[in-house]
Amino acid sequence: MTTNIMIKIDADLNTTLDRNPEIGQRWFPLAIAMRYEPAFPAAKHYVQTIGRQKYILPVYTALVRHGYRSLAFEWFLERKDFYHPIT
């Protein structure tokens with residue numbers, strides 16, 4: 001995968017703004033791993049509006065794994081009261 005391929009996929013399929021949480025669960029961790037910055041605002045919105053651990057855990061995990069631990073913590077703190085205690 002390259003950034004140019006990410007740009008092409010996003011341009012063709014509008015993946016970053018897709019409302020399907022199954023897409024976000026896969027797209028955002030990939031975007032974070034590839035440092036595809038245009039997807040970061042949508043990734044933040046995604047994890048802050050979907051409460052299911054199934055969907056948001058891969059995004060937070062990708063953030064931590066790829067050097068964005070403080071950003072993950074910041075996003076989490078902004079909405080920690082929204083999440084279920086297990087999450």
# chains A, B, ... in the order shown; residues from 1 in each chain; ligands from 1

call {"tool": "residues_around", "arguments": {"residues": "region 42-59 of chain A", "least_positions_apart": "5", "cutoff": "6 Å", "atoms": "only C-alpha atoms", "output": "list in words"}}
result
Gln25, Phe28, Pro29, Tyr83 and Thr87 of chain A

call {"tool": "write_last_selection", "arguments": {"atoms": "N, CA and C atoms", "output": "mmCIF file, in the first residue's frame"}}
result
data_model
loop_
_atom_site.group_PDB
_atom_site.id
_atom_site.type_symbol
_atom_site.label_atom_id
_atom_site.label_comp_id
_atom_site.auth_asym_id
_atom_site.auth_seq_id
_atom_site.Cartn_x
_atom_site.Cartn_y
_atom_site.Cartn_z
ATOM 1 N N GLN A 25 -14.075 0.706 10.451
ATOM 2 C CA GLN A 25 -13.322 -0.210 11.302
ATOM 3 C C GLN A 25 -12.062 -0.702 10.594
ATOM 4 N N PHE A 28 -9.915 3.260 8.765
ATOM 5 C CA PHE A 28 -9.190 4.191 9.627
ATOM 6 C C PHE A 28 -7.893 3.607 10.201
ATOM 7 N N PRO A 29 -7.866 2.354 10.647
ATOM 8 C CA PRO A 29 -6.574 1.815 11.076
ATOM 9 C C PRO A 29 -5.534 1.792 9.950
ATOM 10 N N TYR A 83 -18.639 6.587 26.301
ATOM 11 C CA TYR A 83 -18.364 5.168 26.117
ATOM 12 C C TYR A 83 -18.930 4.304 27.246
ATOM 13 N N THR A 87 -15.776 -0.424 27.394
ATOM 14 C CA THR A 87 -14.970 0.161 26.339
ATOM 15 C C THR A 87 -13.860 0.986 26.936
#

call {"tool": "residues_around", "arguments": {"residues": "Pro38 (chain A)", "least_positions_apart": "6", "cutoff": "12 Å", "atoms": "only C-alpha atoms", "output": "list in words"}}
result
Thr3, Met6, Ile7, Asp10, Ala11, Asn14, Thr15, Thr16, Leu17, Phe28, Ala31, Ile32 and Lys44 of chain A

call {"tool": "write_last_selection", "arguments": {"atoms": "C-alpha atoms", "output": "short mmCIF file (atom, residue, chain, number, x, y, z; two decimals), in the first residue's frame"}}
result
data_model
loop_
_atom_site.label_atom_id
_atom_site.label_comp_id
_atom_site.auth_asym_id
_atom_site.auth_seq_id
_atom_site.Cartn_x
_atom_site.Cartn_y
_atom_site.Cartn_z
CA THR A 3 -0.18 6.95 -0.07
CA MET A 6 -4.89 5.47 -0.51
CA ILE A 7 -5.65 8.75 -2.26
CA ASP A 10 -10.54 7.51 -1.23
CA ALA A 11 -11.21 9.57 -4.34
CA ASN A 14 -15.12 8.24 -0.70
CA THR A 15 -13.99 5.77 1.94
CA THR A 16 -13.04 8.34 4.55
CA LEU A 17 -16.57 9.72 4.69
CA PHE A 28 -9.19 4.19 9.63
CA ALA A 31 -5.14 5.29 7.15
CA ILE A 32 -3.43 5.75 10.51
CA LYS A 44 -11.81 11.23 15.30
#

call {"tool": "atom_distance", "arguments": {"atom1": "CA of Thr2 (chain A)", "atom2": "CA of Met34 (chain A)"}}
result
7.4 Å

call {"tool": "select_by_dssp", "arguments": {"residues": "region 15-82 of chain A", "states": "helix (DSSP H, G or I)", "output": "ChimeraX atom specification"}}
result
/A:15-17,21-33,37-49,53-65,69-79

call {"tool": "write_last_selection", "arguments": {"atoms": "N, CA and C atoms", "output": "short mmCIF file (atom, residue, chain, number, x, y, z; two decimals), in the first residue's frame"}}
result
data_model
loop_
_atom_site.label_atom_id
_atom_site.label_comp_id
_atom_site.auth_asym_id
_atom_site.auth_seq_id
_atom_site.Cartn_x
_atom_site.Cartn_y
_atom_site.Cartn_z
N THR A 15 -14.09 6.67 0.80
CA THR A 15 -13.99 5.77 1.94
C THR A 15 -13.91 6.51 3.26
N THR A 16 -13.20 7.60 3.31
CA THR A 16 -13.04 8.34 4.55
C THR A 16 -14.38 8.82 5.11
N LEU A 17 -15.28 9.18 4.24
CA LEU A 17 -16.57 9.72 4.69
C LEU A 17 -17.70 8.69 4.64
N PRO A 21 -20.05 1.65 9.51
CA PRO A 21 -19.01 1.44 10.52
C PRO A 21 -18.08 0.28 10.19
N GLU A 22 -18.54 -0.69 9.41
CA GLU A 22 -17.67 -1.79 9.01
C GLU A 22 -16.53 -1.29 8.13
N ILE A 23 -16.81 -0.29 7.31
CA ILE A 23 -15.77 0.32 6.47
C ILE A 23 -14.78 1.08 7.35
N GLY A 24 -15.30 1.90 8.24
CA GLY A 24 -14.44 2.69 9.13
C GLY A 24 -13.54 1.82 9.99
N GLN A 25 -14.07 0.71 10.45
CA GLN A 25 -13.32 -0.21 11.30
C GLN A 25 -12.06 -0.70 10.59
N ARG A 26 -12.10 -0.77 9.28
CA ARG A 26 -10.96 -1.24 8.50
C ARG A 26 -10.17 -0.10 7.87
N TRP A 27 -10.87 0.91 7.41
CA TRP A 27 -10.22 2.02 6.70
C TRP A 27 -9.37 2.88 7.63
N PHE A 28 -9.91 3.26 8.77
CA PHE A 28 -9.19 4.19 9.63
C PHE A 28 -7.89 3.61 10.20
N PRO A 29 -7.87 2.35 10.65
CA PRO A 29 -6.57 1.82 11.08
C PRO A 29 -5.53 1.79 9.95
N LEU A 30 -5.99 1.49 8.75
CA LEU A 30 -5.07 1.51 7.60
C LEU A 30 -4.59 2.94 7.34
N ALA A 31 -5.50 3.89 7.38
CA ALA A 31 -5.14 5.29 7.15
C ALA A 31 -4.14 5.77 8.21
N ILE A 32 -4.35 5.36 9.44
CA ILE A 32 -3.43 5.75 10.51
C ILE A 32 -2.06 5.11 10.29
N ALA A 33 -2.05 3.85 9.95
CA ALA A 33 -0.79 3.14 9.70
C ALA A 33 -0.02 3.78 8.55
N GLU A 37 -3.13 11.56 6.55
CA GLU A 37 -3.67 12.63 7.39
C GLU A 37 -5.06 13.12 7.00
N PRO A 38 -5.46 13.12 5.72
CA PRO A 38 -6.82 13.57 5.41
C PRO A 38 -7.92 12.76 6.11
N ALA A 39 -7.62 11.55 6.53
CA ALA A 39 -8.62 10.70 7.19
C ALA A 39 -8.69 10.93 8.69
N PHE A 40 -7.74 11.61 9.28
CA PHE A 40 -7.69 11.74 10.74
C PHE A 40 -8.90 12.47 11.33
N PRO A 41 -9.36 13.59 10.77
CA PRO A 41 -10.56 14.23 11.34
C PRO A 41 -11.78 13.31 11.30
N ALA A 42 -11.96 12.57 10.22
CA ALA A 42 -13.08 11.64 10.14
C ALA A 42 -12.91 10.48 11.10
N ALA A 43 -11.67 10.05 11.31
CA ALA A 43 -11.40 8.98 12.28
C ALA A 43 -11.76 9.45 13.69
N LYS A 44 -11.44 10.68 13.99
CA LYS A 44 -11.81 11.23 15.30
C LYS A 44 -13.31 11.25 15.47
N HIS A 45 -14.01 11.74 14.46
CA HIS A 45 -15.47 11.77 14.51
C HIS A 45 -16.03 10.37 14.67
N TYR A 46 -15.46 9.43 13.95
CA TYR A 46 -15.89 8.03 13.99
C TYR A 46 -15.80 7.46 15.41
N VAL A 47 -14.64 7.58 16.05
CA VAL A 47 -14.49 7.00 17.38
C VAL A 47 -15.27 7.76 18.44
N GLN A 48 -15.62 8.99 18.16
CA GLN A 48 -16.34 9.77 19.16
C GLN A 48 -17.85 9.71 19.00
N THR A 49 -18.34 9.07 17.95
CA THR A 49 -19.78 8.97 17.76
C THR A 49 -20.29 7.54 17.73
N GLN A 53 -17.33 -1.04 21.04
CA GLN A 53 -15.91 -1.37 21.16
C GLN A 53 -15.40 -2.08 19.90
N LYS A 54 -16.23 -2.93 19.32
CA LYS A 54 -15.86 -3.67 18.11
C LYS A 54 -15.34 -2.72 17.03
N TYR A 55 -15.98 -1.58 16.91
CA TYR A 55 -15.63 -0.65 15.84
C TYR A 55 -14.50 0.30 16.20
N ILE A 56 -14.45 0.75 17.43
CA ILE A 56 -13.48 1.79 17.77
C ILE A 56 -12.15 1.26 18.27
N LEU A 57 -12.13 0.07 18.84
CA LEU A 57 -10.88 -0.47 19.36
C LEU A 57 -9.79 -0.58 18.29
N PRO A 58 -10.09 -1.03 17.07
CA PRO A 58 -9.03 -1.08 16.05
C PRO A 58 -8.43 0.30 15.73
N VAL A 59 -9.25 1.34 15.81
CA VAL A 59 -8.76 2.69 15.52
C VAL A 59 -7.84 3.17 16.64
N TYR A 60 -8.29 3.02 17.88
CA TYR A 60 -7.44 3.41 19.00
C TYR A 60 -6.15 2.58 19.05
N THR A 61 -6.26 1.31 18.75
CA THR A 61 -5.08 0.44 18.74
C THR A 61 -4.08 0.91 17.67
N ALA A 62 -4.59 1.25 16.50
CA ALA A 62 -3.72 1.74 15.42
C ALA A 62 -3.04 3.05 15.83
N LEU A 63 -3.79 3.92 16.46
CA LEU A 63 -3.19 5.19 16.90
C LEU A 63 -2.01 4.93 17.85
N VAL A 64 -2.22 4.08 18.82
CA VAL A 64 -1.16 3.78 19.79
C VAL A 64 0.01 3.08 19.11
N ARG A 65 -0.30 2.10 18.30
CA ARG A 65 0.74 1.29 17.64
C ARG A 65 1.61 2.10 16.70
N ARG A 69 -0.12 7.86 20.43
CA ARG A 69 -0.70 7.53 21.74
C ARG A 69 -1.34 8.75 22.40
N SER A 70 -0.65 9.88 22.38
CA SER A 70 -1.20 11.07 23.02
C SER A 70 -2.46 11.55 22.30
N LEU A 71 -2.50 11.41 20.99
CA LEU A 71 -3.70 11.78 20.24
C LEU A 71 -4.86 10.85 20.59
N ALA A 72 -4.58 9.56 20.71
CA ALA A 72 -5.62 8.59 21.10
C ALA A 72 -6.17 8.94 22.48
N PHE A 73 -5.29 9.27 23.40
CA PHE A 73 -5.72 9.62 24.75
C PHE A 73 -6.54 10.90 24.75
N GLU A 74 -6.12 11.87 23.94
CA GLU A 74 -6.86 13.13 23.82
C GLU A 74 -8.28 12.88 23.30
N TRP A 75 -8.37 12.10 22.22
CA TRP A 75 -9.69 11.78 21.65
C TRP A 75 -10.56 11.06 22.66
N PHE A 76 -9.97 10.10 23.36
CA PHE A 76 -10.71 9.33 24.35
C PHE A 76 -11.23 10.23 25.48
N LEU A 77 -10.37 11.08 26.01
CA LEU A 77 -10.77 11.95 27.12
C LEU A 77 -11.90 12.89 26.74
N GLU A 78 -11.93 13.33 25.49
CA GLU A 78 -12.99 14.23 25.04
C GLU A 78 -14.37 13.58 25.13
N ARG A 79 -14.42 12.25 25.00
CA ARG A 79 -15.72 11.56 24.97
C ARG A 79 -15.81 10.38 25.95
#
